[in-house]
>>> print(open('final_2.csv').read())   # CSV, N, CA, C and O atoms and all ligand atoms
chain,number,residue,atom,x,y,z
W,2,MET,N,52.7,-19.6,-43.9
W,2,MET,CA,51.8,-18.5,-43.7
W,2,MET,C,52.2,-17.3,-44.5
W,2,MET,O,53.4,-17.1,-44.8
W,3,ALA,N,51.2,-16.5,-45.0
W,3,ALA,CA,51.5,-15.4,-45.8
W,3,ALA,C,52.3,-14.3,-45.1
W,3,ALA,O,52.1,-14.2,-43.9
W,4,ARG,N,53.2,-13.7,-45.8
W,4,ARG,CA,53.9,-12.6,-45.1
W,4,ARG,C,53.3,-11.2,-45.5
W,4,ARG,O,53.1,-11.0,-46.7
W,5,VAL,N,53.1,-10.4,-44.5
W,5,VAL,CA,52.5,-9.1,-44.7
W,5,VAL,C,53.6,-8.1,-45.2
W,5,VAL,O,54.6,-8.0,-44.6
W,6,LYS,N,53.3,-7.4,-46.3
W,6,LYS,CA,54.2,-6.3,-46.7
W,6,LYS,C,53.5,-5.0,-46.5
W,6,LYS,O,52.3,-4.9,-46.6
W,7,VAL,N,54.3,-4.0,-46.2
W,7,VAL,CA,53.7,-2.7,-46.0
W,7,VAL,C,54.2,-1.8,-47.2
W,7,VAL,O,55.4,-1.8,-47.5
W,8,VAL,N,53.3,-1.1,-47.8
W,8,VAL,CA,53.6,-0.1,-48.8
W,8,VAL,C,53.4,1.2,-48.2
W,8,VAL,O,52.3,1.5,-47.6
W,9,LYS,N,54.4,2.1,-48.2
W,9,LYS,CA,54.3,3.4,-47.5
W,9,LYS,C,53.4,4.4,-48.3
W,9,LYS,O,52.8,5.2,-47.8
W,10,LYS,N,53.5,4.2,-49.7
W,10,LYS,CA,52.7,5.1,-50.5
W,10,LYS,C,52.2,4.3,-51.7
W,10,LYS,O,53.0,3.9,-52.5
W,11,ALA,N,50.9,4.1,-51.7
W,11,ALA,CA,50.3,3.4,-52.8
W,11,ALA,C,50.5,4.1,-54.1
W,11,ALA,O,50.3,5.3,-54.2
W,12,ARG,N,50.9,3.4,-55.2
W,12,ARG,CA,51.2,4.1,-56.5
W,12,ARG,C,49.9,4.4,-57.1
W,12,ARG,O,49.8,5.3,-58.0
W,13,LYS,N,48.8,3.6,-56.9
W,13,LYS,CA,47.5,3.8,-57.4
W,13,LYS,C,46.5,3.4,-56.4
W,13,LYS,O,46.8,2.8,-55.4
W,14,ASP,N,45.2,3.8,-56.7
W,14,ASP,CA,44.1,3.4,-55.8
W,14,ASP,C,44.1,1.8,-55.7
W,14,ASP,O,44.3,1.1,-56.6
W,15,GLN,N,44.0,1.4,-54.4
W,15,GLN,CA,44.0,-0.1,-54.1
W,15,GLN,C,42.7,-0.7,-53.9
W,15,GLN,O,42.6,-1.8,-53.5
W,16,GLY,N,41.6,0.1,-53.9
W,16,GLY,CA,40.3,-0.4,-53.6
W,16,GLY,C,40.1,-0.4,-52.1
W,16,GLY,O,40.8,0.4,-51.4
W,17,LYS,N,39.2,-1.2,-51.6
W,17,LYS,CA,38.8,-1.1,-50.2
W,17,LYS,C,39.6,-2.0,-49.3
W,17,LYS,O,40.0,-3.1,-49.7
W,18,CYS,N,39.8,-1.5,-48.1
W,18,CYS,CA,40.4,-2.3,-47.0
W,18,CYS,C,39.5,-3.5,-46.8
W,18,CYS,O,38.3,-3.4,-46.7
W,19,GLY,N,40.1,-4.7,-46.7
W,19,GLY,CA,39.4,-5.9,-46.5
W,19,GLY,C,38.7,-6.0,-45.2
W,19,GLY,O,37.8,-6.9,-45.0
W,20,ARG,N,39.0,-5.2,-44.3
W,20,ARG,CA,38.3,-5.3,-43.0
W,20,ARG,C,37.3,-4.1,-42.7
W,20,ARG,O,36.1,-4.4,-42.5
W,21,CYS,N,37.8,-2.9,-42.8
W,21,CYS,CA,36.9,-1.8,-42.5
W,21,CYS,C,36.2,-1.2,-43.7
W,21,CYS,O,35.2,-0.5,-43.6
W,22,GLY,N,36.7,-1.6,-44.9
W,22,GLY,CA,36.0,-1.1,-46.1
W,22,GLY,C,36.4,0.3,-46.6
W,22,GLY,O,35.9,0.8,-47.6
W,23,GLU,N,37.3,0.9,-45.9
W,23,GLU,CA,37.8,2.2,-46.3
W,23,GLU,C,38.6,2.2,-47.6
W,23,GLU,O,39.4,1.2,-47.7
W,24,GLU,N,38.4,3.1,-48.4
W,24,GLU,CA,39.1,3.2,-49.7
W,24,GLU,C,40.6,3.4,-49.4
W,24,GLU,O,40.9,4.3,-48.6
W,25,ILE,N,41.4,2.6,-50.0
W,25,ILE,CA,42.9,2.9,-50.0
W,25,ILE,C,43.3,3.6,-51.3
W,25,ILE,O,43.2,3.0,-52.3
W,26,LYS,N,43.5,4.9,-51.1
W,26,LYS,CA,43.8,5.7,-52.3
W,26,LYS,C,45.3,5.8,-52.6
W,26,LYS,O,46.1,5.5,-51.8
W,27,ALA,N,45.6,6.2,-53.9
W,27,ALA,CA,47.0,6.5,-54.2
W,27,ALA,C,47.6,7.4,-53.2
W,27,ALA,O,47.0,8.4,-52.8
W,28,GLY,N,48.8,7.1,-52.8
W,28,GLY,CA,49.5,8.0,-51.9
W,28,GLY,C,49.4,7.5,-50.4
W,28,GLY,O,50.1,8.0,-49.6
W,29,MET,N,48.4,6.7,-50.2
W,29,MET,CA,48.2,6.2,-48.8
W,29,MET,C,49.0,5.0,-48.5
W,29,MET,O,49.3,4.2,-49.4
W,30,PRO,N,49.4,4.8,-47.2
W,30,PRO,CA,50.1,3.6,-46.9
W,30,PRO,C,49.1,2.5,-46.7
W,30,PRO,O,47.9,2.7,-46.4
W,31,TYR,N,49.5,1.2,-47.0
W,31,TYR,CA,48.6,0.1,-46.8
W,31,TYR,C,49.4,-1.2,-46.6
W,31,TYR,O,50.6,-1.2,-46.8
W,32,ARG,N,48.8,-2.2,-46.1
W,32,ARG,CA,49.4,-3.5,-45.9
W,32,ARG,C,48.8,-4.5,-47.0
W,32,ARG,O,47.6,-4.4,-47.3
W,33,HIS,N,49.6,-5.4,-47.4
W,33,HIS,CA,49.0,-6.4,-48.3
W,33,HIS,C,49.8,-7.7,-48.1
W,33,HIS,O,50.9,-7.8,-47.7
W,34,TRP,N,49.1,-8.8,-48.4
W,34,TRP,CA,49.7,-10.1,-48.4
W,34,TRP,C,48.9,-10.9,-49.4
W,34,TRP,O,47.8,-10.6,-49.8
W,35,SER,N,49.6,-12.0,-49.9
W,35,SER,CA,48.9,-12.8,-50.9
W,35,SER,C,49.1,-14.3,-50.6
W,35,SER,O,50.1,-14.7,-49.9
W,36,PHE,N,48.2,-15.1,-51.0
W,36,PHE,CA,48.2,-16.5,-50.9
W,36,PHE,C,48.7,-17.1,-52.2
W,36,PHE,O,48.4,-16.6,-53.3
W,37,ARG,N,49.3,-18.3,-52.1
W,37,ARG,CA,49.8,-19.0,-53.3
W,37,ARG,C,48.5,-19.2,-54.1
W,37,ARG,O,48.6,-19.1,-55.3
W,38,TYR,N,47.4,-19.7,-53.5
W,38,TYR,CA,46.2,-19.8,-54.2
W,38,TYR,C,45.2,-18.9,-53.5
W,38,TYR,O,45.1,-18.9,-52.3
W,39,GLY,N,44.5,-18.1,-54.3
W,39,GLY,CA,43.4,-17.4,-53.6
W,39,GLY,C,43.6,-15.9,-53.5
W,39,GLY,O,42.8,-15.2,-52.8
W,40,GLY,N,44.6,-15.4,-54.2
W,40,GLY,CA,44.7,-13.9,-54.4
W,40,GLY,C,45.3,-13.1,-53.3
W,40,GLY,O,45.9,-13.7,-52.4
W,41,THR,N,45.2,-11.8,-53.4
W,41,THR,CA,45.8,-10.9,-52.5
W,41,THR,C,44.8,-10.2,-51.6
W,41,THR,O,43.7,-10.0,-52.0
W,42,ARG,N,45.2,-10.0,-50.4
W,42,ARG,CA,44.4,-9.2,-49.4
W,42,ARG,C,45.0,-7.9,-49.2
W,42,ARG,O,46.2,-7.8,-49.1
W,43,LYS,N,44.2,-6.9,-49.0
W,43,LYS,CA,44.7,-5.5,-48.7
W,43,LYS,C,44.0,-5.0,-47.5
W,43,LYS,O,42.8,-5.2,-47.3
W,44,ARG,N,44.8,-4.2,-46.7
W,44,ARG,CA,44.2,-3.6,-45.5
W,44,ARG,C,44.8,-2.2,-45.3
W,44,ARG,O,45.9,-2.0,-45.7
W,45,CYS,N,44.0,-1.3,-44.7
W,45,CYS,CA,44.5,0.0,-44.4
W,45,CYS,C,45.4,-0.1,-43.2
W,45,CYS,O,45.6,-1.2,-42.6
W,46,MET,N,46.0,1.0,-42.7
W,46,MET,CA,46.9,1.0,-41.6
W,46,MET,C,46.3,1.1,-40.2
W,46,MET,O,47.1,1.3,-39.3
W,47,LYS,N,45.0,1.2,-40.1
W,47,LYS,CA,44.4,1.3,-38.8
W,47,LYS,C,44.8,0.1,-37.9
W,47,LYS,O,44.9,-1.1,-38.4
W,48,ALA,N,45.0,0.3,-36.6
W,48,ALA,CA,45.4,-0.8,-35.7
W,48,ALA,C,44.4,-1.9,-35.8
W,48,ALA,O,44.7,-3.1,-35.7
W,49,GLU,N,43.1,-1.6,-35.8
W,49,GLU,CA,42.1,-2.6,-35.8
W,49,GLU,C,42.0,-3.4,-37.1
W,49,GLU,O,41.4,-4.5,-37.2
W,50,CYS,N,42.7,-2.9,-38.1
W,50,CYS,CA,42.8,-3.6,-39.4
W,50,CYS,C,44.0,-4.5,-39.6
W,50,CYS,O,44.3,-5.1,-40.6
W,51,PHE,N,44.9,-4.5,-38.5
W,51,PHE,CA,46.1,-5.3,-38.6
W,51,PHE,C,45.7,-6.8,-38.8
W,51,PHE,O,44.8,-7.3,-38.0
W,52,PRO,N,46.3,-7.4,-39.7
W,52,PRO,CA,45.8,-8.8,-40.0
W,52,PRO,C,46.2,-9.7,-38.8
W,52,PRO,O,47.3,-9.7,-38.2
W,53,LYS,N,45.2,-10.6,-38.5
W,53,LYS,CA,45.5,-11.6,-37.5
W,53,LYS,C,46.0,-12.8,-38.1
W,53,LYS,O,45.9,-13.0,-39.3
W,54,MET,N,46.6,-13.7,-37.3
W,54,MET,CA,47.1,-15.0,-37.9
W,54,MET,C,46.1,-15.7,-38.7
W,54,MET,O,46.4,-16.3,-39.7
W,55,SER,N,44.8,-15.7,-38.2
W,55,SER,CA,43.8,-16.4,-38.9
W,55,SER,C,43.5,-15.8,-40.3
W,55,SER,O,42.9,-16.4,-41.2
W,56,ASP,N,43.9,-14.5,-40.5
W,56,ASP,CA,43.7,-13.8,-41.7
W,56,ASP,C,44.8,-14.2,-42.7
W,56,ASP,O,44.7,-14.0,-43.9
W,57,LEU,N,45.9,-14.7,-42.2
W,57,LEU,CA,47.1,-14.9,-43.0
W,57,LEU,C,47.2,-16.3,-43.5
W,57,LEU,O,48.2,-16.7,-44.1
W,58,THR,N,46.2,-17.1,-43.4
W,58,THR,CA,46.2,-18.4,-44.0
W,58,THR,C,44.9,-18.6,-44.7
W,58,THR,O,43.8,-18.1,-44.2
W,59,ASN,N,44.9,-19.3,-45.8
W,59,ASN,CA,43.6,-19.7,-46.4
W,59,ASN,C,43.4,-21.2,-46.2
W,59,ASN,O,42.6,-21.8,-46.9
W,60,ASN,N,44.2,-21.8,-45.3
W,60,ASN,CA,44.0,-23.2,-44.9
W,60,ASN,C,42.9,-23.2,-43.8
W,60,ASN,O,43.1,-22.6,-42.7
W,61,GLU,N,41.7,-23.8,-44.1
W,61,GLU,CA,40.6,-23.7,-43.2
W,61,GLU,C,40.9,-24.2,-41.8
W,61,GLU,O,40.5,-23.6,-40.8
W,62,LYS,N,41.6,-25.3,-41.7
W,62,LYS,CA,41.9,-25.9,-40.4
W,62,LYS,C,42.9,-25.0,-39.6
W,62,LYS,O,42.7,-24.8,-38.4
W,63,LEU,N,43.9,-24.5,-40.3
W,63,LEU,CA,44.8,-23.6,-39.6
W,63,LEU,C,44.1,-22.3,-39.2
W,63,LEU,O,44.3,-21.8,-38.1
W,64,ALA,N,43.2,-21.8,-40.0
W,64,ALA,CA,42.5,-20.5,-39.7
W,64,ALA,C,41.7,-20.8,-38.4
W,64,ALA,O,41.6,-19.9,-37.5
W,65,THR,N,41.0,-21.9,-38.3
W,65,THR,CA,40.2,-22.3,-37.1
W,65,THR,C,41.1,-22.4,-35.9
W,65,THR,O,40.8,-21.8,-34.8
W,66,PHE,N,42.3,-23.0,-36.1
W,66,PHE,CA,43.2,-23.1,-35.0
W,66,PHE,C,43.7,-21.7,-34.5
W,66,PHE,O,43.7,-21.4,-33.3
W,67,TYR,N,44.1,-20.9,-35.5
W,67,TYR,CA,44.6,-19.5,-35.1
W,67,TYR,C,43.5,-18.7,-34.4
W,67,TYR,O,43.7,-18.0,-33.5
W,68,ALA,N,42.2,-18.8,-35.0
W,68,ALA,CA,41.1,-18.1,-34.4
W,68,ALA,C,40.9,-18.5,-32.9
W,68,ALA,O,40.6,-17.7,-32.0
W,69,ALA,N,41.1,-19.8,-32.6
W,69,ALA,CA,41.0,-20.3,-31.3
W,69,ALA,C,42.1,-19.7,-30.4
W,69,ALA,O,41.9,-19.3,-29.3
W,70,VAL,N,43.3,-19.7,-30.9
W,70,VAL,CA,44.4,-19.1,-30.2
W,70,VAL,C,44.2,-17.6,-29.9
W,70,VAL,O,44.4,-17.1,-28.8
W,71,GLU,N,43.6,-16.9,-30.9
W,71,GLU,CA,43.3,-15.5,-30.7
W,71,GLU,C,42.3,-15.3,-29.7
W,71,GLU,O,42.3,-14.4,-28.9
W,72,SER,N,41.3,-16.2,-29.6
W,72,SER,CA,40.2,-16.0,-28.6
W,72,SER,C,40.8,-16.3,-27.2
W,72,SER,O,40.4,-15.7,-26.2
W,73,LEU,N,41.7,-17.3,-27.2
W,73,LEU,CA,42.4,-17.6,-25.9
W,73,LEU,C,43.2,-16.3,-25.4
W,73,LEU,O,43.2,-16.0,-24.3
W,74,GLU,N,43.9,-15.7,-26.4
W,74,GLU,CA,44.7,-14.5,-26.1
W,74,GLU,C,43.8,-13.4,-25.6
W,74,GLU,O,44.2,-12.7,-24.6
W,75,SER,N,42.7,-13.2,-26.2
W,75,SER,CA,41.8,-12.1,-25.8
W,75,SER,C,41.2,-12.4,-24.4
W,75,SER,O,40.8,-11.5,-23.7
W,76,ALA,N,41.1,-13.7,-24.1
W,76,ALA,CA,40.5,-14.1,-22.8
W,76,ALA,C,41.6,-14.0,-21.7
W,76,ALA,O,41.2,-14.0,-20.5
W,77,ARG,N,42.8,-14.0,-22.0
W,77,ARG,CA,43.9,-13.9,-21.1
W,77,ARG,C,43.7,-12.6,-20.2
W,77,ARG,O,43.5,-11.6,-20.8
W,78,GLY,N,43.9,-12.7,-19.0
W,78,GLY,CA,43.7,-11.6,-18.1
W,78,GLY,C,42.3,-11.6,-17.6
W,78,GLY,O,42.0,-11.0,-16.6
W,79,GLY,N,41.4,-12.4,-18.2
W,79,GLY,CA,40.0,-12.5,-17.7
W,79,GLY,C,40.1,-13.6,-16.6
W,79,GLY,O,41.2,-14.1,-16.2
W,80,ASP,N,38.9,-13.9,-16.0
W,80,ASP,CA,39.0,-15.0,-15.0
W,80,ASP,C,39.0,-16.3,-15.6
W,80,ASP,O,38.9,-16.5,-16.8
W,81,LYS,N,39.1,-17.4,-14.8
W,81,LYS,CA,39.3,-18.7,-15.3
W,81,LYS,C,38.1,-19.2,-16.1
W,81,LYS,O,38.2,-20.0,-17.0
W,82,ASP,N,36.9,-18.7,-15.7
W,82,ASP,CA,35.7,-19.1,-16.5
W,82,ASP,C,35.7,-18.7,-17.9
W,82,ASP,O,35.4,-19.4,-18.8
W,83,ASP,N,36.3,-17.4,-18.1
W,83,ASP,CA,36.4,-16.9,-19.4
W,83,ASP,C,37.3,-17.8,-20.2
W,83,ASP,O,37.1,-18.1,-21.4
W,84,LEU,N,38.4,-18.2,-19.6
W,84,LEU,CA,39.4,-19.0,-20.3
W,84,LEU,C,38.8,-20.3,-20.7
W,84,LEU,O,39.0,-20.8,-21.8
W,85,ALA,N,38.0,-20.9,-19.7
W,85,ALA,CA,37.4,-22.2,-20.0
W,85,ALA,C,36.4,-22.1,-21.1
W,85,ALA,O,36.4,-23.0,-22.0
W,86,SER,N,35.7,-21.1,-21.2
W,86,SER,CA,34.7,-21.0,-22.3
W,86,SER,C,35.4,-20.7,-23.6
W,86,SER,O,34.9,-21.1,-24.7
W,87,ALA,N,36.6,-20.0,-23.5
W,87,ALA,CA,37.3,-19.8,-24.8
W,87,ALA,C,37.9,-21.1,-25.3
W,87,ALA,O,37.9,-21.3,-26.5
W,88,ILE,N,38.3,-22.0,-24.4
W,88,ILE,CA,38.8,-23.3,-24.8
W,88,ILE,C,37.6,-24.1,-25.4
W,88,ILE,O,37.8,-24.8,-26.4
W,89,ASP,N,36.4,-24.0,-24.8
W,89,ASP,CA,35.3,-24.7,-25.4
W,89,ASP,C,35.1,-24.3,-26.9
W,89,ASP,O,34.8,-25.0,-27.7
W,101,ZN,ZN,40.8,-0.8,-42.7
>>> encode(input="final_2.csv", output="structure tokens")
Amino acid sequence: MARVKVVKKARKDQGKCGRCGEEIKAGMPYRHWSFRYGGTRKRCMKAECFPKMSDLTNNEKLATFYAAVESLESARGGDKDDLASAID
């Protein structure tokens, strides 16, 4: 899985955050990670733009698996019906 690195101060404009689309300008902090094949992803530092496990792989099967785990986690604390539908 890709490892996320944090840059505290971008040396130059980094383009748009891959999630919210906000421009990451020179001097701003940002996160980035890259895949062996398939390039680099960049995100701003907002909490909602924190990369999920499914964002950190470009293996389609793994991404599907992680997305399922994430929906299970978001269903946790809900009632059992929620959990059952998340498993579906
Ligand atoms: Zn963002």
>>> atom_distance(input="final_2.csv", atom1="CA of Ser55 (chain W)", atom2="atom N of Gly28 (chain W)")
27.8 Å
>>> closest_residue(input="final_2.csv", among="W:Gly19, W:Trp34, W:Ala27, W:Gly40", to="ligand ZN 101 (chain W)", atoms="all atoms listed in the file")
W:Gly19
>>> atom_distance(input="final_2.csv", atom1="atom N of Lys43 (chain W)", atom2="CA of Asn60 (chain W)")
16.8 Å
>>> atom_distance(input="final_2.csv", atom1="atom N of Asn59 (chain W)", atom2="atom O of Cys45 (chain W)")
18.4 Å
>>> select_by_dssp(input="final_2.csv", residues="region 28-68 of chain W", states="strand (DSSP E or B)", output="ChimeraX atom specification")
/W:31-35,41-44
>>> residues_near_ligand(input="final_2.csv", ligand="ligand ZN 101 (chain W)", cutoff="7 Å", atoms="only C-alpha atoms and all ligand atoms", output="PyMOL selection string")
chain W and resi 18-23+44-47+50
>>> closest_residue(input="final_2.csv", among="W:Arg77, W:Lys62, W:Arg4, W:Lys13", to="Arg42 (chain W)", atoms="all atoms listed in the file")
W:Arg4
>>> closest_residue(input="final_2.csv", among="W:Lys53, W:Ala3, W:Tyr67, W:Arg12", to="Gly39 (chain W)", atoms="only C-alpha atoms")
W:Ala3
>>> residues_around(input="final_2.csv", residues="Lys9 (chain W)", least_positions_apart="3", cutoff="6 Å", atoms="all atoms listed in the file", output="PyMOL selection string")
chain W and resi 28-31
>>> closest_residue(input="final_2.csv", among="W:Ala68, W:Met2, W:Val7, W:Pro52", to="Tyr38 (chain W)", atoms="only C-alpha atoms")
W:Met2
>>> select_by_dssp(input="final_2.csv", residues="chain W", states="alpha helix (DSSP H)", output="PDB file with N, CA, C and O atoms, keeping the file's coordinate frame")
ATOM      1  N   GLU W  61      41.700 -23.800 -44.100  1.00  0.00           N
ATOM      2  CA  GLU W  61      40.600 -23.700 -43.200  1.00  0.00           C
ATOM      3  C   GLU W  61      40.900 -24.200 -41.800  1.00  0.00           C
ATOM      4  O   GLU W  61      40.500 -23.600 -40.800  1.00  0.00           O
ATOM      5  N   LYS W  62      41.600 -25.300 -41.700  1.00  0.00           N
ATOM      6  CA  LYS W  62      41.900 -25.900 -40.400  1.00  0.00           C
ATOM      7  C   LYS W  62      42.900 -25.000 -39.600  1.00  0.00           C
ATOM      8  O   LYS W  62      42.700 -24.800 -38.400  1.00  0.00           O
ATOM      9  N   LEU W  63      43.900 -24.500 -40.300  1.00  0.00           N
ATOM     10  CA  LEU W  63      44.800 -23.600 -39.600  1.00  0.00           C
ATOM     11  C   LEU W  63      44.100 -22.300 -39.200  1.00  0.00           C
ATOM     12  O   LEU W  63      44.300 -21.800 -38.100  1.00  0.00           O
ATOM     13  N   ALA W  64      43.200 -21.800 -40.000  1.00  0.00           N
ATOM     14  CA  ALA W  64      42.500 -20.500 -39.700  1.00  0.00           C
ATOM     15  C   ALA W  64      41.700 -20.800 -38.400  1.00  0.00           C
ATOM     16  O   ALA W  64      41.600 -19.900 -37.500  1.00  0.00           O
ATOM     17  N   THR W  65      41.000 -21.900 -38.300  1.00  0.00           N
ATOM     18  CA  THR W  65      40.200 -22.300 -37.100  1.00  0.00           C
ATOM     19  C   THR W  65      41.100 -22.400 -35.900  1.00  0.00           C
ATOM     20  O   THR W  65      40.800 -21.800 -34.800  1.00  0.00           O
ATOM     21  N   PHE W  66      42.300 -23.000 -36.100  1.00  0.00           N
ATOM     22  CA  PHE W  66      43.200 -23.100 -35.000  1.00  0.00           C
ATOM     23  C   PHE W  66      43.700 -21.700 -34.500  1.00  0.00           C
ATOM     24  O   PHE W  66      43.700 -21.400 -33.300  1.00  0.00           O
ATOM     25  N   TYR W  67      44.100 -20.900 -35.500  1.00  0.00           N
ATOM     26  CA  TYR W  67      44.600 -19.500 -35.100  1.00  0.00           C
ATOM     27  C   TYR W  67      43.500 -18.700 -34.400  1.00  0.00           C
ATOM     28  O   TYR W  67      43.700 -18.000 -33.500  1.00  0.00           O
ATOM     29  N   ALA W  68      42.200 -18.800 -35.000  1.00  0.00           N
ATOM     30  CA  ALA W  68      41.100 -18.100 -34.400  1.00  0.00           C
ATOM     31  C   ALA W  68      40.900 -18.500 -32.900  1.00  0.00           C
ATOM     32  O   ALA W  68      40.600 -17.700 -32.000  1.00  0.00           O
ATOM     33  N   ALA W  69      41.100 -19.800 -32.600  1.00  0.00           N
ATOM     34  CA  ALA W  69      41.000 -20.300 -31.300  1.00  0.00           C
ATOM     35  C   ALA W  69      42.100 -19.700 -30.400  1.00  0.00           C
ATOM     36  O   ALA W  69      41.900 -19.300 -29.300  1.00  0.00           O
ATOM     37  N   VAL W  70      43.300 -19.700 -30.900  1.00  0.00           N
ATOM     38  CA  VAL W  70      44.400 -19.100 -30.200  1.00  0.00           C
ATOM     39  C   VAL W  70      44.200 -17.600 -29.900  1.00  0.00           C
ATOM     40  O   VAL W  70      44.400 -17.100 -28.800  1.00  0.00           O
ATOM     41  N   GLU W  71      43.600 -16.900 -30.900  1.00  0.00           N
ATOM     42  CA  GLU W  71      43.300 -15.500 -30.700  1.00  0.00           C
ATOM     43  C   GLU W  71      42.300 -15.300 -29.700  1.00  0.00           C
ATOM     44  O   GLU W  71      42.300 -14.400 -28.900  1.00  0.00           O
ATOM     45  N   SER W  72      41.300 -16.200 -29.600  1.00  0.00           N
ATOM     46  CA  SER W  72      40.200 -16.000 -28.600  1.00  0.00           C
ATOM     47  C   SER W  72      40.800 -16.300 -27.200  1.00  0.00           C
ATOM     48  O   SER W  72      40.400 -15.700 -26.200  1.00  0.00           O
ATOM     49  N   LEU W  73      41.700 -17.300 -27.200  1.00  0.00           N
ATOM     50  CA  LEU W  73      42.400 -17.600 -25.900  1.00  0.00           C
ATOM     51  C   LEU W  73      43.200 -16.300 -25.400  1.00  0.00           C
ATOM     52  O   LEU W  73      43.200 -16.000 -24.300  1.00  0.00           O
ATOM     53  N   GLU W  74      43.900 -15.700 -26.400  1.00  0.00           N
ATOM     54  CA  GLU W  74      44.700 -14.500 -26.100  1.00  0.00           C
ATOM     55  C   GLU W  74      43.800 -13.400 -25.600  1.00  0.00           C
ATOM     56  O   GLU W  74      44.200 -12.700 -24.600  1.00  0.00           O
ATOM     57  N   SER W  75      42.700 -13.200 -26.200  1.00  0.00           N
ATOM     58  CA  SER W  75      41.800 -12.100 -25.800  1.00  0.00           C
ATOM     59  C   SER W  75      41.200 -12.400 -24.400  1.00  0.00           C
ATOM     60  O   SER W  75      40.800 -11.500 -23.700  1.00  0.00           O
ATOM     61  N   ALA W  76      41.100 -13.700 -24.100  1.00  0.00           N
ATOM     62  CA  ALA W  76      40.500 -14.100 -22.800  1.00  0.00           C
ATOM     63  C   ALA W  76      41.600 -14.000 -21.700  1.00  0.00           C
ATOM     64  O   ALA W  76      41.200 -14.000 -20.500  1.00  0.00           O
ATOM     65  N   LYS W  81      39.100 -17.400 -14.800  1.00  0.00           N
ATOM     66  CA  LYS W  81      39.300 -18.700 -15.300  1.00  0.00           C
ATOM     67  C   LYS W  81      38.100 -19.200 -16.100  1.00  0.00           C
ATOM     68  O   LYS W  81      38.200 -20.000 -17.000  1.00  0.00           O
ATOM     69  N   ASP W  82      36.900 -18.700 -15.700  1.00  0.00           N
ATOM     70  CA  ASP W  82      35.700 -19.100 -16.500  1.00  0.00           C
ATOM     71  C   ASP W  82      35.700 -18.700 -17.900  1.00  0.00           C
ATOM     72  O   ASP W  82      35.400 -19.400 -18.800  1.00  0.00           O
ATOM     73  N   ASP W  83      36.300 -17.400 -18.100  1.00  0.00           N
ATOM     74  CA  ASP W  83      36.400 -16.900 -19.400  1.00  0.00           C
ATOM     75  C   ASP W  83      37.300 -17.800 -20.200  1.00  0.00           C
ATOM     76  O   ASP W  83      37.100 -18.100 -21.400  1.00  0.00           O
ATOM     77  N   LEU W  84      38.400 -18.200 -19.600  1.00  0.00           N
ATOM     78  CA  LEU W  84      39.400 -19.000 -20.300  1.00  0.00           C
ATOM     79  C   LEU W  84      38.800 -20.300 -20.700  1.00  0.00           C
ATOM     80  O   LEU W  84      39.000 -20.800 -21.800  1.00  0.00           O
ATOM     81  N   ALA W  85      38.000 -20.900 -19.700  1.00  0.00           N
ATOM     82  CA  ALA W  85      37.400 -22.200 -20.000  1.00  0.00           C
ATOM     83  C   ALA W  85      36.400 -22.100 -21.100  1.00  0.00           C
ATOM     84  O   ALA W  85      36.400 -23.000 -22.000  1.00  0.00           O
ATOM     85  N   SER W  86      35.700 -21.100 -21.200  1.00  0.00           N
ATOM     86  CA  SER W  86      34.700 -21.000 -22.300  1.00  0.00           C
ATOM     87  C   SER W  86      35.400 -20.700 -23.600  1.00  0.00           C
ATOM     88  O   SER W  86      34.900 -21.100 -24.700  1.00  0.00           O
ATOM     89  N   ALA W  87      36.600 -20.000 -23.500  1.00  0.00           N
ATOM     90  CA  ALA W  87      37.300 -19.800 -24.800  1.00  0.00           C
ATOM     91  C   ALA W  87      37.900 -21.100 -25.300  1.00  0.00           C
ATOM     92  O   ALA W  87      37.900 -21.300 -26.500  1.00  0.00           O
ATOM     93  N   ILE W  88      38.300 -22.000 -24.400  1.00  0.00           N
ATOM     94  CA  ILE W  88      38.800 -23.300 -24.800  1.00  0.00           C
ATOM     95  C   ILE W  88      37.600 -24.100 -25.400  1.00  0.00           C
ATOM     96  O   ILE W  88      37.800 -24.800 -26.400  1.00  0.00           O
TER      97      ILE W  88
END
>>> decode(input="final_2.csv", residues="region 41-49 of chain W", atoms="N, CA and C atoms", output="PDB file, in the first residue's frame")
ATOM      1  N   THR W  41       1.061   9.990  -8.989  1.00  0.00           N
ATOM      2  CA  THR W  41       1.038  10.565  -7.647  1.00  0.00           C
ATOM      3  C   THR W  41      -0.326  11.178  -7.366  1.00  0.00           C
ATOM      4  N   ARG W  42      -0.766  11.041  -6.130  1.00  0.00           N
ATOM      5  CA  ARG W  42      -2.011  11.684  -5.693  1.00  0.00           C
ATOM      6  C   ARG W  42      -1.657  12.768  -4.685  1.00  0.00           C
ATOM      7  N   LYS W  43      -2.398  13.856  -4.720  1.00  0.00           N
ATOM      8  CA  LYS W  43      -2.170  14.952  -3.782  1.00  0.00           C
ATOM      9  C   LYS W  43      -3.469  15.343  -3.115  1.00  0.00           C
ATOM     10  N   ARG W  44      -3.358  15.659  -1.848  1.00  0.00           N
ATOM     11  CA  ARG W  44      -4.537  16.079  -1.085  1.00  0.00           C
ATOM     12  C   ARG W  44      -4.175  17.263  -0.208  1.00  0.00           C
ATOM     13  N   CYS W  45      -5.154  18.128   0.059  1.00  0.00           N
ATOM     14  CA  CYS W  45      -4.946  19.204   1.018  1.00  0.00           C
ATOM     15  C   CYS W  45      -5.023  18.620   2.433  1.00  0.00           C
ATOM     16  N   MET W  46      -4.869  19.436   3.448  1.00  0.00           N
ATOM     17  CA  MET W  46      -4.772  18.936   4.821  1.00  0.00           C
ATOM     18  C   MET W  46      -6.115  18.893   5.556  1.00  0.00           C
ATOM     19  N   LYS W  47      -7.210  19.168   4.872  1.00  0.00           N
ATOM     20  CA  LYS W  47      -8.514  19.079   5.548  1.00  0.00           C
ATOM     21  C   LYS W  47      -8.761  17.654   6.031  1.00  0.00           C
ATOM     22  N   ALA W  48      -9.462  17.548   7.164  1.00  0.00           N
ATOM     23  CA  ALA W  48      -9.737  16.226   7.725  1.00  0.00           C
ATOM     24  C   ALA W  48     -10.505  15.362   6.726  1.00  0.00           C
ATOM     25  N   GLU W  49     -11.457  15.984   6.009  1.00  0.00           N
ATOM     26  CA  GLU W  49     -12.265  15.173   5.086  1.00  0.00           C
ATOM     27  C   GLU W  49     -11.478  14.726   3.862  1.00  0.00           C
TER      28      GLU W  49
END
